[in-house]
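Visitor: File structure.json below, JSON, N, CA, C and O atoms:
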```json
[["chain", "number", "residue", "atom", "x", "y", "z"],
["A", 1, "MET", "N", 6.89, 3.64, 9.84],
["A", 1, "MET", "CA", 6.94, 3.98, 8.43],
["A", 1, "MET", "C", 5.75, 3.32, 7.73],
["A", 1, "MET", "O", 5.41, 2.19, 8.01],
["A", 2, "LYS", "N", 5.15, 4.04, 6.83],
["A", 2, "LYS", "CA", 3.98, 3.54, 6.10],
["A", 2, "LYS", "C", 4.43, 3.05, 4.72],
["A", 2, "LYS", "O", 5.06, 3.77, 3.98],
["A", 3, "ILE", "N", 4.08, 1.80, 4.41],
["A", 3, "ILE", "CA", 4.45, 1.21, 3.12],
["A", 3, "ILE", "C", 3.22, 0.85, 2.28],
["A", 3, "ILE", "O", 3.32, 0.56, 1.11],
["A", 4, "SER", "N", 2.05, 0.88, 2.91],
["A", 4, "SER", "CA", 0.83, 0.53, 2.18],
["A", 4, "SER", "C", -0.37, 1.19, 2.85],
["A", 4, "SER", "O", -0.25, 1.80, 3.91],
["A", 5, "GLY", "N", -1.50, 1.04, 2.22],
["A", 5, "GLY", "CA", -2.73, 1.57, 2.79],
["A", 5, "GLY", "C", -3.93, 0.83, 2.24],
["A", 5, "GLY", "O", -3.87, 0.22, 1.19],
["A", 6, "CYS", "N", -5.00, 0.85, 3.00],
["A", 6, "CYS", "CA", -6.23, 0.18, 2.60],
["A", 6, "CYS", "C", -7.42, 1.09, 2.91],
["A", 6, "CYS", "O", -7.33, 1.97, 3.75],
["A", 7, "ALA", "N", -8.50, 0.83, 2.22],
["A", 7, "ALA", "CA", -9.73, 1.57, 2.46],
["A", 7, "ALA", "C", -10.91, 0.64, 2.19],
["A", 7, "ALA", "O", -10.79, -0.32, 1.44],
["A", 8, "GLN", "N", -12.03, 0.95, 2.84],
["A", 8, "GLN", "CA", -13.25, 0.17, 2.64],
["A", 8, "GLN", "C", -14.43, 1.10, 2.47],
["A", 8, "GLN", "O", -14.47, 2.18, 3.05],
["A", 9, "TYR", "N", -15.40, 0.63, 1.68],
["A", 9, "TYR", "CA", -16.70, 1.27, 1.58],
["A", 9, "TYR", "C", -17.72, 0.18, 1.84],
["A", 9, "TYR", "O", -17.63, -0.91, 1.28],
["A", 10, "ARG", "N", -18.68, 0.46, 2.71],
["A", 10, "ARG", "CA", -19.73, -0.51, 3.00],
["A", 10, "ARG", "C", -21.09, 0.17, 2.96],
["A", 10, "ARG", "O", -21.25, 1.30, 3.37],
["A", 11, "ASP", "N", -22.06, -0.58, 2.46],
["A", 11, "ASP", "CA", -23.45, -0.23, 2.67],
["A", 11, "ASP", "C", -24.17, -1.53, 2.96],
["A", 11, "ASP", "O", -23.54, -2.55, 3.21],
["A", 12, "ARG", "N", -25.47, -1.54, 2.91],
["A", 12, "ARG", "CA", -26.21, -2.75, 3.31],
["A", 12, "ARG", "C", -25.92, -3.97, 2.44],
["A", 12, "ARG", "O", -25.99, -5.09, 2.90],
["A", 13, "GLU", "N", -25.61, -3.75, 1.17],
["A", 13, "GLU", "CA", -25.43, -4.88, 0.25],
["A", 13, "GLU", "C", -24.03, -4.97, -0.35],
["A", 13, "GLU", "O", -23.75, -5.90, -1.09],
["A", 14, "THR", "N", -23.16, -4.03, -0.06],
["A", 14, "THR", "CA", -21.88, -3.96, -0.77],
["A", 14, "THR", "C", -20.72, -3.77, 0.20],
["A", 14, "THR", "O", -20.82, -3.03, 1.17],
["A", 15, "LEU", "N", -19.65, -4.46, -0.10],
["A", 15, "LEU", "CA", -18.38, -4.23, 0.60],
["A", 15, "LEU", "C", -17.31, -4.10, -0.47],
["A", 15, "LEU", "O", -17.10, -5.01, -1.27],
["A", 16, "LEU", "N", -16.68, -2.95, -0.53],
["A", 16, "LEU", "CA", -15.59, -2.72, -1.47],
["A", 16, "LEU", "C", -14.34, -2.45, -0.65],
["A", 16, "LEU", "O", -14.32, -1.55, 0.19],
["A", 17, "HIS", "N", -13.31, -3.26, -0.85],
["A", 17, "HIS", "CA", -12.05, -3.12, -0.11],
["A", 17, "HIS", "C", -10.94, -3.00, -1.14],
["A", 17, "HIS", "O", -10.88, -3.78, -2.08],
["A", 18, "HIS", "N", -10.08, -2.02, -0.96],
["A", 18, "HIS", "CA", -8.94, -1.91, -1.87],
["A", 18, "HIS", "C", -7.70, -1.53, -1.07],
["A", 18, "HIS", "O", -7.77, -0.99, 0.01],
["A", 19, "GLY", "N", -6.56, -1.89, -1.62],
["A", 19, "GLY", "CA", -5.31, -1.59, -0.95],
["A", 19, "GLY", "C", -4.24, -1.15, -1.93],
["A", 19, "GLY", "O", -4.35, -1.39, -3.13],
["A", 20, "THR", "N", -3.25, -0.49, -1.40],
["A", 20, "THR", "CA", -2.11, -0.07, -2.20],
["A", 20, "THR", "C", -0.83, -0.56, -1.54],
["A", 20, "THR", "O", -0.78, -0.77, -0.33],
["A", 21, "LEU", "N", 0.18, -0.73, -2.33],
["A", 21, "LEU", "CA", 1.50, -1.11, -1.86],
["A", 21, "LEU", "C", 2.48, -0.22, -2.59],
["A", 21, "LEU", "O", 2.52, -0.22, -3.83],
["A", 22, "ILE", "N", 3.24, 0.58, -1.86],
["A", 22, "ILE", "CA", 4.16, 1.52, -2.48],
["A", 22, "ILE", "C", 5.42, 0.77, -2.90],
["A", 22, "ILE", "O", 6.23, 0.39, -2.06],
["A", 23, "LEU", "N", 5.55, 0.53, -4.20],
["A", 23, "LEU", "CA", 6.73, -0.18, -4.71],
["A", 23, "LEU", "C", 7.93, 0.75, -4.82],
["A", 23, "LEU", "O", 9.03, 0.42, -4.39],
["A", 24, "ARG", "N", 7.72, 1.91, -5.42],
["A", 24, "ARG", "CA", 8.80, 2.90, -5.58],
["A", 24, "ARG", "C", 8.21, 4.25, -5.19],
["A", 24, "ARG", "O", 7.22, 4.68, -5.76],
["A", 25, "LEU", "N", 8.82, 4.91, -4.22],
["A", 25, "LEU", "CA", 8.30, 6.17, -3.72],
["A", 25, "LEU", "C", 8.80, 7.35, -4.55],
["A", 25, "LEU", "O", 10.00, 7.53, -4.74],
["A", 26, "ASP", "N", 7.86, 8.12, -5.07],
["A", 26, "ASP", "CA", 8.16, 9.35, -5.78],
["A", 26, "ASP", "C", 7.54, 10.47, -4.95],
["A", 26, "ASP", "O", 6.37, 10.83, -5.13],
["A", 27, "SER", "N", 8.31, 11.02, -4.02],
["A", 27, "SER", "CA", 7.79, 12.01, -3.07],
["A", 27, "SER", "C", 7.23, 13.24, -3.76],
["A", 27, "SER", "O", 6.22, 13.78, -3.34],
["A", 28, "GLU", "N", 7.90, 13.71, -4.80],
["A", 28, "GLU", "CA", 7.41, 14.89, -5.51],
["A", 28, "GLU", "C", 6.03, 14.65, -6.11],
["A", 28, "GLU", "O", 5.14, 15.49, -6.01],
["A", 29, "MET", "N", 5.85, 13.49, -6.73],
["A", 29, "MET", "CA", 4.55, 13.16, -7.32],
["A", 29, "MET", "C", 3.49, 13.02, -6.22],
["A", 29, "MET", "O", 2.37, 13.50, -6.37],
["A", 30, "MET", "N", 3.84, 12.36, -5.13],
["A", 30, "MET", "CA", 2.87, 12.18, -4.06],
["A", 30, "MET", "C", 2.44, 13.52, -3.48],
["A", 30, "MET", "O", 1.28, 13.72, -3.15],
["A", 31, "ASP", "N", 3.38, 14.47, -3.36],
["A", 31, "ASP", "CA", 3.01, 15.79, -2.85],
["A", 31, "ASP", "C", 2.09, 16.52, -3.81],
["A", 31, "ASP", "O", 1.28, 17.35, -3.39],
["A", 32, "LYS", "N", 2.17, 16.22, -5.10],
["A", 32, "LYS", "CA", 1.29, 16.86, -6.08],
["A", 32, "LYS", "C", -0.12, 16.28, -6.05],
["A", 32, "LYS", "O", -1.09, 17.00, -6.27],
["A", 33, "VAL", "N", -0.24, 14.98, -5.78],
["A", 33, "VAL", "CA", -1.55, 14.33, -5.90],
["A", 33, "VAL", "C", -2.23, 14.05, -4.56],
["A", 33, "VAL", "O", -3.42, 13.77, -4.53],
["A", 34, "LEU", "N", -1.48, 14.12, -3.46],
["A", 34, "LEU", "CA", -2.06, 13.87, -2.14],
["A", 34, "LEU", "C", -2.04, 15.16, -1.32],
["A", 34, "LEU", "O", -1.42, 16.15, -1.70],
["A", 35, "ARG", "N", -2.66, 15.09, -0.16],
["A", 35, "ARG", "CA", -2.61, 16.23, 0.74],
["A", 35, "ARG", "C", -1.16, 16.52, 1.11],
["A", 35, "ARG", "O", -0.33, 15.61, 1.13],
["A", 36, "PRO", "N", -0.84, 17.75, 1.46],
["A", 36, "PRO", "CA", 0.54, 18.06, 1.86],
["A", 36, "PRO", "C", 1.01, 17.17, 3.01],
["A", 36, "PRO", "O", 0.20, 16.73, 3.84],
["A", 37, "VAL", "N", 2.29, 16.91, 3.08],
["A", 37, "VAL", "CA", 2.87, 15.99, 4.07],
["A", 37, "VAL", "C", 2.43, 16.35, 5.49],
["A", 37, "VAL", "O", 2.08, 15.47, 6.27],
["A", 38, "LYS", "N", 2.43, 17.61, 5.83],
["A", 38, "LYS", "CA", 2.09, 17.99, 7.21],
["A", 38, "LYS", "C", 0.65, 17.66, 7.57],
["A", 38, "LYS", "O", 0.31, 17.57, 8.74],
["A", 39, "GLU", "N", -0.21, 17.46, 6.57],
["A", 39, "GLU", "CA", -1.61, 17.13, 6.83],
["A", 39, "GLU", "C", -1.87, 15.62, 6.81],
["A", 39, "GLU", "O", -2.93, 15.19, 7.20],
["A", 40, "ARG", "N", -0.91, 14.85, 6.34],
["A", 40, "ARG", "CA", -1.11, 13.40, 6.26],
["A", 40, "ARG", "C", -1.02, 12.77, 7.64],
["A", 40, "ARG", "O", -0.27, 13.21, 8.49],
["A", 41, "LYS", "N", -1.75, 11.69, 7.79],
["A", 41, "LYS", "CA", -1.72, 10.96, 9.05],
["A", 41, "LYS", "C", -0.37, 10.24, 9.20],
["A", 41, "LYS", "O", 0.11, 10.05, 10.30],
["A", 42, "TYR", "N", 0.23, 9.82, 8.10],
["A", 42, "TYR", "CA", 1.50, 9.10, 8.11],
["A", 42, "TYR", "C", 2.52, 9.86, 7.26],
["A", 42, "TYR", "O", 2.70, 9.54, 6.10],
["A", 43, "PRO", "N", 3.17, 10.86, 7.80],
["A", 43, "PRO", "CA", 4.10, 11.66, 6.99],
["A", 43, "PRO", "C", 5.38, 10.92, 6.63],
["A", 43, "PRO", "O", 6.09, 11.33, 5.74],
["A", 44, "ARG", "N", 5.69, 9.82, 7.30],
["A", 44, "ARG", "CA", 6.93, 9.09, 7.03],
["A", 44, "ARG", "C", 6.62, 7.89, 6.14],
["A", 44, "ARG", "O", 6.35, 6.80, 6.60],
["A", 45, "LEU", "N", 6.67, 8.10, 4.85],
["A", 45, "LEU", "CA", 6.38, 7.04, 3.88],
["A", 45, "LEU", "C", 7.67, 6.34, 3.49],
["A", 45, "LEU", "O", 8.74, 6.93, 3.48],
["A", 46, "THR", "N", 7.56, 5.08, 3.14],
["A", 46, "THR", "CA", 8.68, 4.32, 2.62],
["A", 46, "THR", "C", 8.17, 3.50, 1.45],
["A", 46, "THR", "O", 7.03, 3.65, 1.03],
["A", 47, "SER", "N", 8.99, 2.62, 0.93],
["A", 47, "SER", "CA", 8.58, 1.82, -0.22],
["A", 47, "SER", "C", 9.19, 0.43, -0.12],
["A", 47, "SER", "O", 10.10, 0.19, 0.66],
["A", 48, "VAL", "N", 8.67, -0.47, -0.94],
["A", 48, "VAL", "CA", 9.23, -1.81, -1.02],
["A", 48, "VAL", "C", 10.67, -1.72, -1.52],
["A", 48, "VAL", "O", 11.57, -2.37, -1.00],
["A", 49, "GLU", "N", 10.90, -0.85, -2.50],
["A", 49, "GLU", "CA", 12.25, -0.68, -3.04],
["A", 49, "GLU", "C", 13.23, -0.25, -1.95],
["A", 49, "GLU", "O", 14.34, -0.78, -1.86],
["A", 50, "GLU", "N", 12.84, 0.68, -1.09],
["A", 50, "GLU", "CA", 13.71, 1.14, -0.02],
["A", 50, "GLU", "C", 13.98, 0.03, 0.99],
["A", 50, "GLU", "O", 15.08, -0.11, 1.50],
["A", 51, "SER", "N", 12.97, -0.79, 1.26],
["A", 51, "SER", "CA", 13.12, -1.88, 2.24],
["A", 51, "SER", "C", 13.95, -3.04, 1.71],
["A", 51, "SER", "O", 14.74, -3.62, 2.44],
["A", 52, "LEU", "N", 13.75, -3.40, 0.43],
["A", 52, "LEU", "CA", 14.44, -4.56, -0.14],
["A", 52, "LEU", "C", 15.68, -4.21, -0.95],
["A", 52, "LEU", "O", 16.50, -5.09, -1.22],
["A", 53, "GLY", "N", 15.77, -2.97, -1.39],
["A", 53, "GLY", "CA", 16.89, -2.59, -2.23],
["A", 53, "GLY", "C", 16.60, -2.75, -3.72],
["A", 53, "GLY", "O", 17.46, -2.47, -4.55],
["A", 54, "HIS", "N", 15.41, -3.23, -4.04],
["A", 54, "HIS", "CA", 14.98, -3.38, -5.45],
["A", 54, "HIS", "C", 13.46, -3.44, -5.50],
["A", 54, "HIS", "O", 12.81, -3.65, -4.49],
["A", 55, "VAL", "N", 12.93, -3.20, -6.68],
["A", 55, "VAL", "CA", 11.49, -3.34, -6.89],
["A", 55, "VAL", "C", 11.25, -4.76, -7.39],
["A", 55, "VAL", "O", 11.71, -5.13, -8.47],
["A", 56, "PRO", "N", 10.56, -5.58, -6.61],
["A", 56, "PRO", "CA", 10.32, -6.96, -7.04],
["A", 56, "PRO", "C", 9.34, -7.02, -8.20],
["A", 56, "PRO", "O", 8.50, -6.14, -8.37],
["A", 57, "GLY", "N", 9.46, -8.09, -8.95],
["A", 57, "GLY", "CA", 8.53, -8.33, -10.05],
["A", 57, "GLY", "C", 7.20, -8.86, -9.53],
["A", 57, "GLY", "O", 7.06, -9.21, -8.36],
["A", 58, "ARG", "N", 6.25, -8.92, -10.43],
["A", 58, "ARG", "CA", 4.90, -9.37, -10.07],
["A", 58, "ARG", "C", 4.90, -10.74, -9.42],
["A", 58, "ARG", "O", 4.22, -10.97, -8.42],
["A", 59, "GLU", "N", 5.64, -11.69, -9.99],
["A", 59, "GLU", "CA", 5.65, -13.06, -9.44],
["A", 59, "GLU", "C", 6.22, -13.08, -8.02],
["A", 59, "GLU", "O", 5.71, -13.79, -7.15],
["A", 60, "GLU", "N", 7.27, -12.32, -7.78],
["A", 60, "GLU", "CA", 7.87, -12.27, -6.44],
["A", 60, "GLU", "C", 6.88, -11.68, -5.43],
["A", 60, "GLU", "O", 6.77, -12.17, -4.30],
["A", 61, "ILE", "N", 6.15, -10.67, -5.84],
["A", 61, "ILE", "CA", 5.15, -10.06, -4.95],
["A", 61, "ILE", "C", 4.02, -11.04, -4.66],
["A", 61, "ILE", "O", 3.60, -11.22, -3.51],
["A", 62, "LEU", "N", 3.52, -11.72, -5.70],
["A", 62, "LEU", "CA", 2.45, -12.70, -5.49],
["A", 62, "LEU", "C", 2.88, -13.82, -4.56],
["A", 62, "LEU", "O", 2.12, -14.23, -3.67],
["A", 63, "LYS", "N", 4.09, -14.33, -4.73],
["A", 63, "LYS", "CA", 4.59, -15.39, -3.84],
["A", 63, "LYS", "C", 4.70, -14.90, -2.40],
["A", 63, "LYS", "O", 4.39, -15.63, -1.46],
["A", 64, "ALA", "N", 5.13, -13.65, -2.21],
["A", 64, "ALA", "CA", 5.23, -13.10, -0.86],
["A", 64, "ALA", "C", 3.86, -12.99, -0.21],
["A", 64, "ALA", "O", 3.69, -13.31, 0.97],
["A", 65, "PHE", "N", 2.85, -12.54, -0.98],
["A", 65, "PHE", "CA", 1.49, -12.47, -0.43],
["A", 65, "PHE", "C", 0.97, -13.86, -0.10],
["A", 65, "PHE", "O", 0.36, -14.08, 0.95],
["A", 66, "GLU", "N", 1.17, -14.83, -0.99],
["A", 66, "GLU", "CA", 0.72, -16.20, -0.72],
["A", 66, "GLU", "C", 1.35, -16.74, 0.55],
["A", 66, "GLU", "O", 0.67, -17.32, 1.39],
["A", 67, "LYS", "N", 2.65, -16.54, 0.71],
["A", 67, "LYS", "CA", 3.34, -17.02, 1.91],
["A", 67, "LYS", "C", 2.81, -16.32, 3.15],
["A", 67, "LYS", "O", 2.59, -16.94, 4.18],
["A", 68, "GLY", "N", 2.58, -15.01, 3.04],
["A", 68, "GLY", "CA", 2.08, -14.25, 4.18],
["A", 68, "GLY", "C", 0.69, -14.65, 4.62],
["A", 68, "GLY", "O", 0.36, -14.57, 5.80],
["A", 69, "PHE", "N", -0.14, -15.10, 3.69],
["A", 69, "PHE", "CA", -1.52, -15.45, 4.00],
["A", 69, "PHE", "C", -1.75, -16.94, 4.19],
["A", 69, "PHE", "O", -2.85, -17.37, 4.55],
["A", 70, "GLU", "N", -0.72, -17.78, 3.98],
["A", 70, "GLU", "CA", -0.96, -19.23, 4.05],
["A", 70, "GLU", "C", -1.41, -19.71, 5.41],
["A", 70, "GLU", "O", -2.12, -20.70, 5.51],
["A", 71, "ASP", "N", -1.07, -19.02, 6.49],
["A", 71, "ASP", "CA", -1.51, -19.44, 7.81],
["A", 71, "ASP", "C", -3.01, -19.18, 8.04],
["A", 71, "ASP", "O", -3.58, -19.67, 9.00],
["A", 72, "LEU", "N", -3.62, -18.37, 7.18],
["A", 72, "LEU", "CA", -5.04, -18.06, 7.32],
["A", 72, "LEU", "C", -5.94, -19.11, 6.71],
["A", 72, "LEU", "O", -7.15, -19.06, 6.88],
["A", 73, "ARG", "N", -5.37, -20.05, 5.98],
["A", 73, "ARG", "CA", -6.18, -21.08, 5.32],
["A", 73, "ARG", "C", -6.79, -22.05, 6.30],
["A", 73, "ARG", "O", -6.37, -22.32, 7.33]]
```
Could you quickly redo this structure as structure tokens?
Guide:
Amino acid sequence: MKISGCAQYRDRETLLHHGTLILRLDSEMMDKVLRPVKERKYPRLTSVEESLGHVPGREEILKAFEKGFEDLR
């Protein structure tokens, strides 16, 4: 199941990296703005809300990222 995605653009002097995290999945909206499901690489999308049972607030998300990355320090 896909819950997030990232992309990068690079040239000789620039690196741009961005990511998304699906907090609440709106399948109808995604079908309107993205390629049709059958053409997507990951047709089985999920969300943080579906995994946790609620949409966490900003502080909860930041703490989860900090905890997840603390071993990289």
Visitor: Among the residues of chain A, find those DSSP assigns to strand (DSSP E) from the backbone and print them as a PyMOL selection string.
Guide: chain A and resi 4-10+15-21
Visitor: Report the distance between atom O of Ala64 of chain A and atom C of Cys6 of chain A in Å, rounded to one decimal place.
Guide: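 So the answer is 18.3 Å.
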Visitor: Skipping near chain neighbours, those fewer than 4 positions away, what residues fall within 5 Å of segment 20-29 of chain A using all atoms listed in the file, listed as an mmCIF file with N, CA, C and O atoms, in the coordinates of the input?
Guide:
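Done, and the output landed in result_22.cif:
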```
data_model
loop_
_atom_site.group_PDB
_atom_site.id
_atom_site.type_symbol
_atom_site.label_atom_id
_atom_site.label_comp_id
_atom_site.auth_asym_id
_atom_site.auth_seq_id
_atom_site.Cartn_x
_atom_site.Cartn_y
_atom_site.Cartn_z
ATOM 1 N N ILE A 3 4.080 1.800 4.410
ATOM 2 C CA ILE A 3 4.450 1.210 3.120
ATOM 3 C C ILE A 3 3.220 0.850 2.280
ATOM 4 O O ILE A 3 3.320 0.560 1.110
ATOM 5 N N SER A 4 2.050 0.880 2.910
ATOM 6 C CA SER A 4 0.830 0.530 2.180
ATOM 7 C C SER A 4 -0.370 1.190 2.850
ATOM 8 O O SER A 4 -0.250 1.800 3.910
ATOM 9 N N GLY A 5 -1.500 1.040 2.220
ATOM 10 C CA GLY A 5 -2.730 1.570 2.790
ATOM 11 C C GLY A 5 -3.930 0.830 2.240
ATOM 12 O O GLY A 5 -3.870 0.220 1.190
ATOM 13 N N CYS A 6 -5.000 0.850 3.000
ATOM 14 C CA CYS A 6 -6.230 0.180 2.600
ATOM 15 C C CYS A 6 -7.420 1.090 2.910
ATOM 16 O O CYS A 6 -7.330 1.970 3.750
ATOM 17 N N VAL A 33 -0.240 14.980 -5.780
ATOM 18 C CA VAL A 33 -1.550 14.330 -5.900
ATOM 19 C C VAL A 33 -2.230 14.050 -4.560
ATOM 20 O O VAL A 33 -3.420 13.770 -4.530
ATOM 21 N N LEU A 34 -1.480 14.120 -3.460
ATOM 22 C CA LEU A 34 -2.060 13.870 -2.140
ATOM 23 C C LEU A 34 -2.040 15.160 -1.320
ATOM 24 O O LEU A 34 -1.420 16.150 -1.700
ATOM 25 N N THR A 46 7.560 5.080 3.140
ATOM 26 C CA THR A 46 8.680 4.320 2.620
ATOM 27 C C THR A 46 8.170 3.500 1.450
ATOM 28 O O THR A 46 7.030 3.650 1.030
ATOM 29 N N SER A 47 8.990 2.620 0.930
ATOM 30 C CA SER A 47 8.580 1.820 -0.220
ATOM 31 C C SER A 47 9.190 0.430 -0.120
ATOM 32 O O SER A 47 10.100 0.190 0.660
ATOM 33 N N VAL A 48 8.670 -0.470 -0.940
ATOM 34 C CA VAL A 48 9.230 -1.810 -1.020
ATOM 35 C C VAL A 48 10.670 -1.720 -1.520
ATOM 36 O O VAL A 48 11.570 -2.370 -1.000
ATOM 37 N N GLU A 49 10.900 -0.850 -2.500
ATOM 38 C CA GLU A 49 12.250 -0.680 -3.040
ATOM 39 C C GLU A 49 13.230 -0.250 -1.950
ATOM 40 O O GLU A 49 14.340 -0.780 -1.860
#
```
Visitor: For a test of reading the model, state the distance in Å between atom C of Gly53 of chain A and atom N of Phe65 of chain A, rounded to one decimal.
Guide: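 Atom-to-atom, atom C of Gly53 of chain A and atom N of Phe65 of chain A are spaced 17.1 Å apart.
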Visitor: According to DSSP computed on the backbone, where in chain A is there helix (DSSP H, G or I)? Give the residues as a VMD selection string.
Guide: chain A and resid 27 to 33 37 to 39 48 to 52 58 to 72
Visitor: Box in all listed atoms of segment 8-20 of chain A, axis-aligned, with 5 Å more on each side; write out centre and edge lengths in Å to one decimal as lines of an AutoDock Vina configuration file.
Guide:
```
center_x = -13.5
center_y = -1.9
center_z = 0.1
size_x = 35.4
size_y = 18.1
size_z = 16.5
```
Visitor: Kindly give the distance, in Å, that separates atom C of Glu50 of chain A and atom C of Gly68 of chain A, rounded to a single decimal.
Guide: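 Spanning atom C of Glu50 of chain A to atom C of Gly68 of chain A is a straight-line distance of 20.1 Å.
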